[in-house]
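Each remark here refers to the structure printed beneath this line.
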Amino acid sequence: AFVLHSDGSHGLADLGEAPLVESAARELSDTLSDRQSTPASVARAAQILHSRLFAPLAPLIGRGARRIVFAPDGPLHTAPLHLMHDGRD
């Protein structure tokens, strides 16, 4: 993943194998679509996607970021990225 800051600096983060990230995105979407899902199962799926997609980027982004723009592809395009959760904040 490529991270571009407003001052023009940039960084790169390895998100690992694409199938793992895509699987986490599909799992979150599928969990939300399942009427049997519980809030806990949705939260867990959101945490898994967060750990695979956002957590590797966090050190490059920093806590002072005011805006984050994702350009999703494949299953990430339809995944509810706004639900990503680290389990804490």
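Identifiers in this document derive from the order of the structure tokens: chains are assigned A, B, ..., residues are numbered from 1 separately in each chain, and ligands are numbered from 1 in order of occurrence.
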Legend entry - Arg26 in chain A surroundings by only C-alpha atoms, 10 Å radius, close-in-sequence under 5 positions cut, as a list in words: Leu20, Val21, Thr31, Leu32, Ala45, Leu49, Gly74, Pro75, Leu76, Thr78, Ala79 and Pro80 of chain A
Inset, instruction - Among the residues of range 7-77 of chain A, find those DSSP assigns to helix (DSSP H, G or I) from the backbone and print them as a PyMOL selection string. - result: chain A and resi 18-33+39-54+58-61+74-77
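Running DSSP on the backbone gives strand (DSSP E) for these residues within chain A: A:Phe2, A:Val3, A:Leu4, A:His10, A:Gly11, A:Leu12.
Closest approach to Val42 in chain A among A:Leu15, A:Ala55, A:Val69, A:Leu83: A:Leu83, based on only C-alpha atoms.
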Inset, instruction - Give me the residues within 12 Å of Ala65 in chain A as a VMD selection string, counting only C-alpha atoms and dropping any in the same chain fewer than 2 places off. - result: chain A and resid 3 to 7 57 to 63 67 to 69
Those selected residues, please, written with N, CA and C atoms and delivered as a PDB file, in the first residue's frame.
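Result file part.pdb:
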```pdb
ATOM      1  N   VAL A   3       1.231   5.240   0.896  1.00  0.00           N
ATOM      2  CA  VAL A   3       0.694   6.290   1.753  1.00  0.00           C
ATOM      3  C   VAL A   3       1.329   7.604   1.330  1.00  0.00           C
ATOM      4  N   LEU A   4       0.495   8.564   0.980  1.00  0.00           N
ATOM      5  CA  LEU A   4       0.962   9.885   0.559  1.00  0.00           C
ATOM      6  C   LEU A   4       0.461  10.915   1.562  1.00  0.00           C
ATOM      7  N   HIS A   5       1.383  11.696   2.102  1.00  0.00           N
ATOM      8  CA  HIS A   5       1.042  12.723   3.082  1.00  0.00           C
ATOM      9  C   HIS A   5       0.852  14.067   2.394  1.00  0.00           C
ATOM     10  N   SER A   6       0.152  14.968   3.058  1.00  0.00           N
ATOM     11  CA  SER A   6      -0.158  16.272   2.475  1.00  0.00           C
ATOM     12  C   SER A   6       1.098  17.091   2.179  1.00  0.00           C
ATOM     13  N   ASP A   7       2.209  16.795   2.869  1.00  0.00           N
ATOM     14  CA  ASP A   7       3.447  17.525   2.608  1.00  0.00           C
ATOM     15  C   ASP A   7       4.256  16.927   1.460  1.00  0.00           C
ATOM     16  N   LEU A  57      -0.840   0.025   8.037  1.00  0.00           N
ATOM     17  CA  LEU A  57      -0.700   1.403   7.559  1.00  0.00           C
ATOM     18  C   LEU A  57      -0.580   2.414   8.698  1.00  0.00           C
ATOM     19  N   ALA A  58      -1.103   2.072   9.858  1.00  0.00           N
ATOM     20  CA  ALA A  58      -1.185   3.017  10.975  1.00  0.00           C
ATOM     21  C   ALA A  58       0.147   3.692  11.315  1.00  0.00           C
ATOM     22  N   PRO A  59       1.263   2.962  11.374  1.00  0.00           N
ATOM     23  CA  PRO A  59       2.521   3.641  11.687  1.00  0.00           C
ATOM     24  C   PRO A  59       2.918   4.683  10.633  1.00  0.00           C
ATOM     25  N   LEU A  60       2.527   4.456   9.398  1.00  0.00           N
ATOM     26  CA  LEU A  60       2.850   5.411   8.334  1.00  0.00           C
ATOM     27  C   LEU A  60       1.918   6.618   8.339  1.00  0.00           C
ATOM     28  N   ILE A  61       0.704   6.405   8.803  1.00  0.00           N
ATOM     29  CA  ILE A  61      -0.287   7.477   8.797  1.00  0.00           C
ATOM     30  C   ILE A  61      -0.077   8.415   9.975  1.00  0.00           C
ATOM     31  N   GLY A  62       0.123   7.861  11.151  1.00  0.00           N
ATOM     32  CA  GLY A  62       0.292   8.680  12.348  1.00  0.00           C
ATOM     33  C   GLY A  62      -1.039   9.085  12.937  1.00  0.00           C
ATOM     34  N   ARG A  63      -1.016   9.554  14.176  1.00  0.00           N
ATOM     35  CA  ARG A  63      -2.250   9.899  14.891  1.00  0.00           C
ATOM     36  C   ARG A  63      -2.786  11.269  14.506  1.00  0.00           C
ATOM     37  N   ARG A  67      -7.585  13.245   7.515  1.00  0.00           N
ATOM     38  CA  ARG A  67      -8.350  12.618   6.433  1.00  0.00           C
ATOM     39  C   ARG A  67      -7.559  11.434   5.893  1.00  0.00           C
ATOM     40  N   ILE A  68      -8.267  10.347   5.700  1.00  0.00           N
ATOM     41  CA  ILE A  68      -7.666   9.144   5.115  1.00  0.00           C
ATOM     42  C   ILE A  68      -8.519   8.764   3.920  1.00  0.00           C
ATOM     43  N   VAL A  69      -7.883   8.560   2.770  1.00  0.00           N
ATOM     44  CA  VAL A  69      -8.595   8.189   1.557  1.00  0.00           C
ATOM     45  C   VAL A  69      -8.094   6.822   1.114  1.00  0.00           C
TER      46      VAL A  69
END
```
Quick one: residues within 12 Å of Ser41 in chain A, only C-alpha atoms, excluding same-chain residues fewer than 4 positions away - as a PDB file with N, CA and C atoms, in the first residue's frame?
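File written: result.pdb
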```pdb
ATOM      1  N   GLU A  27     -15.473 -11.641   4.307  1.00  0.00           N
ATOM      2  CA  GLU A  27     -16.038 -12.138   5.567  1.00  0.00           C
ATOM      3  C   GLU A  27     -16.851 -11.045   6.268  1.00  0.00           C
ATOM      4  N   LEU A  28     -16.351  -9.827   6.287  1.00  0.00           N
ATOM      5  CA  LEU A  28     -17.104  -8.741   6.910  1.00  0.00           C
ATOM      6  C   LEU A  28     -18.411  -8.495   6.150  1.00  0.00           C
ATOM      7  N   SER A  29     -18.335  -8.435   4.848  1.00  0.00           N
ATOM      8  CA  SER A  29     -19.548  -8.240   4.049  1.00  0.00           C
ATOM      9  C   SER A  29     -20.546  -9.372   4.256  1.00  0.00           C
ATOM     10  N   ASP A  30     -20.050 -10.608   4.243  1.00  0.00           N
ATOM     11  CA  ASP A  30     -20.923 -11.767   4.430  1.00  0.00           C
ATOM     12  C   ASP A  30     -21.548 -11.786   5.827  1.00  0.00           C
ATOM     13  N   THR A  31     -20.765 -11.429   6.818  1.00  0.00           N
ATOM     14  CA  THR A  31     -21.270 -11.411   8.195  1.00  0.00           C
ATOM     15  C   THR A  31     -22.393 -10.389   8.339  1.00  0.00           C
ATOM     16  N   LEU A  32     -22.221  -9.234   7.711  1.00  0.00           N
ATOM     17  CA  LEU A  32     -23.269  -8.220   7.764  1.00  0.00           C
ATOM     18  C   LEU A  32     -24.540  -8.666   7.047  1.00  0.00           C
ATOM     19  N   SER A  33     -24.392  -9.456   6.006  1.00  0.00           N
ATOM     20  CA  SER A  33     -25.539  -9.916   5.223  1.00  0.00           C
ATOM     21  C   SER A  33     -26.292 -11.059   5.889  1.00  0.00           C
ATOM     22  N   ASP A  34     -25.649 -11.726   6.817  1.00  0.00           N
ATOM     23  CA  ASP A  34     -26.231 -12.890   7.472  1.00  0.00           C
ATOM     24  C   ASP A  34     -27.157 -12.442   8.610  1.00  0.00           C
ATOM     25  N   ARG A  35     -28.420 -12.786   8.502  1.00  0.00           N
ATOM     26  CA  ARG A  35     -29.396 -12.391   9.526  1.00  0.00           C
ATOM     27  C   ARG A  35     -29.120 -13.043  10.880  1.00  0.00           C
ATOM     28  N   GLN A  36     -28.339 -14.086  10.886  1.00  0.00           N
ATOM     29  CA  GLN A  36     -28.005 -14.789  12.132  1.00  0.00           C
ATOM     30  C   GLN A  36     -26.813 -14.146  12.856  1.00  0.00           C
ATOM     31  N   SER A  37     -26.166 -13.190  12.207  1.00  0.00           N
ATOM     32  CA  SER A  37     -24.983 -12.565  12.796  1.00  0.00           C
ATOM     33  C   SER A  37     -25.332 -11.791  14.061  1.00  0.00           C
ATOM     34  N   ALA A  45     -15.313  -9.690  12.779  1.00  0.00           N
ATOM     35  CA  ALA A  45     -14.969  -9.607  11.356  1.00  0.00           C
ATOM     36  C   ALA A  45     -14.363  -8.237  11.033  1.00  0.00           C
ATOM     37  N   ALA A  46     -14.892  -7.188  11.649  1.00  0.00           N
ATOM     38  CA  ALA A  46     -14.360  -5.838  11.433  1.00  0.00           C
ATOM     39  C   ALA A  46     -12.942  -5.716  11.989  1.00  0.00           C
ATOM     40  N   GLN A  47     -12.685  -6.368  13.102  1.00  0.00           N
ATOM     41  CA  GLN A  47     -11.345  -6.350  13.695  1.00  0.00           C
ATOM     42  C   GLN A  47     -10.340  -7.104  12.829  1.00  0.00           C
ATOM     43  N   ILE A  48     -10.766  -8.200  12.245  1.00  0.00           N
ATOM     44  CA  ILE A  48      -9.866  -8.968  11.373  1.00  0.00           C
ATOM     45  C   ILE A  48      -9.502  -8.139  10.143  1.00  0.00           C
TER      46      ILE A  48
END
```
Inset, instruction - Within 7 Å of His50 in chain A, counting only C-alpha atoms, which residues show up once you throw out same-chain ones fewer than 6 positions away? Write them as an MDAnalysis selection string, please. - result: chainID A and resid 84:86
Inset, instruction - Do a neighbour search on Pro56 in chain A at 8 Å with only C-alpha atoms, toss out local chain neighbours closer than 5 positions, and write the hits as a PyMOL selection string. - result: chain A and resi 13-15+51
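Going from CA of Arg66 in chain A over to CA of Glu22 in chain A, you cover 26.3 Å.
Take CA of Glu17 in chain A and CA of Asp73 in chain A: the distance between them is 14.2 Å.
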Inset, instruction - Name the closest residue to Leu53 in chain A among the candidates A:Gly87, A:Gly8, A:Gly16, A:Pro39; distances are taken between atoms, counting only C-alpha atoms. - result: A:Gly16
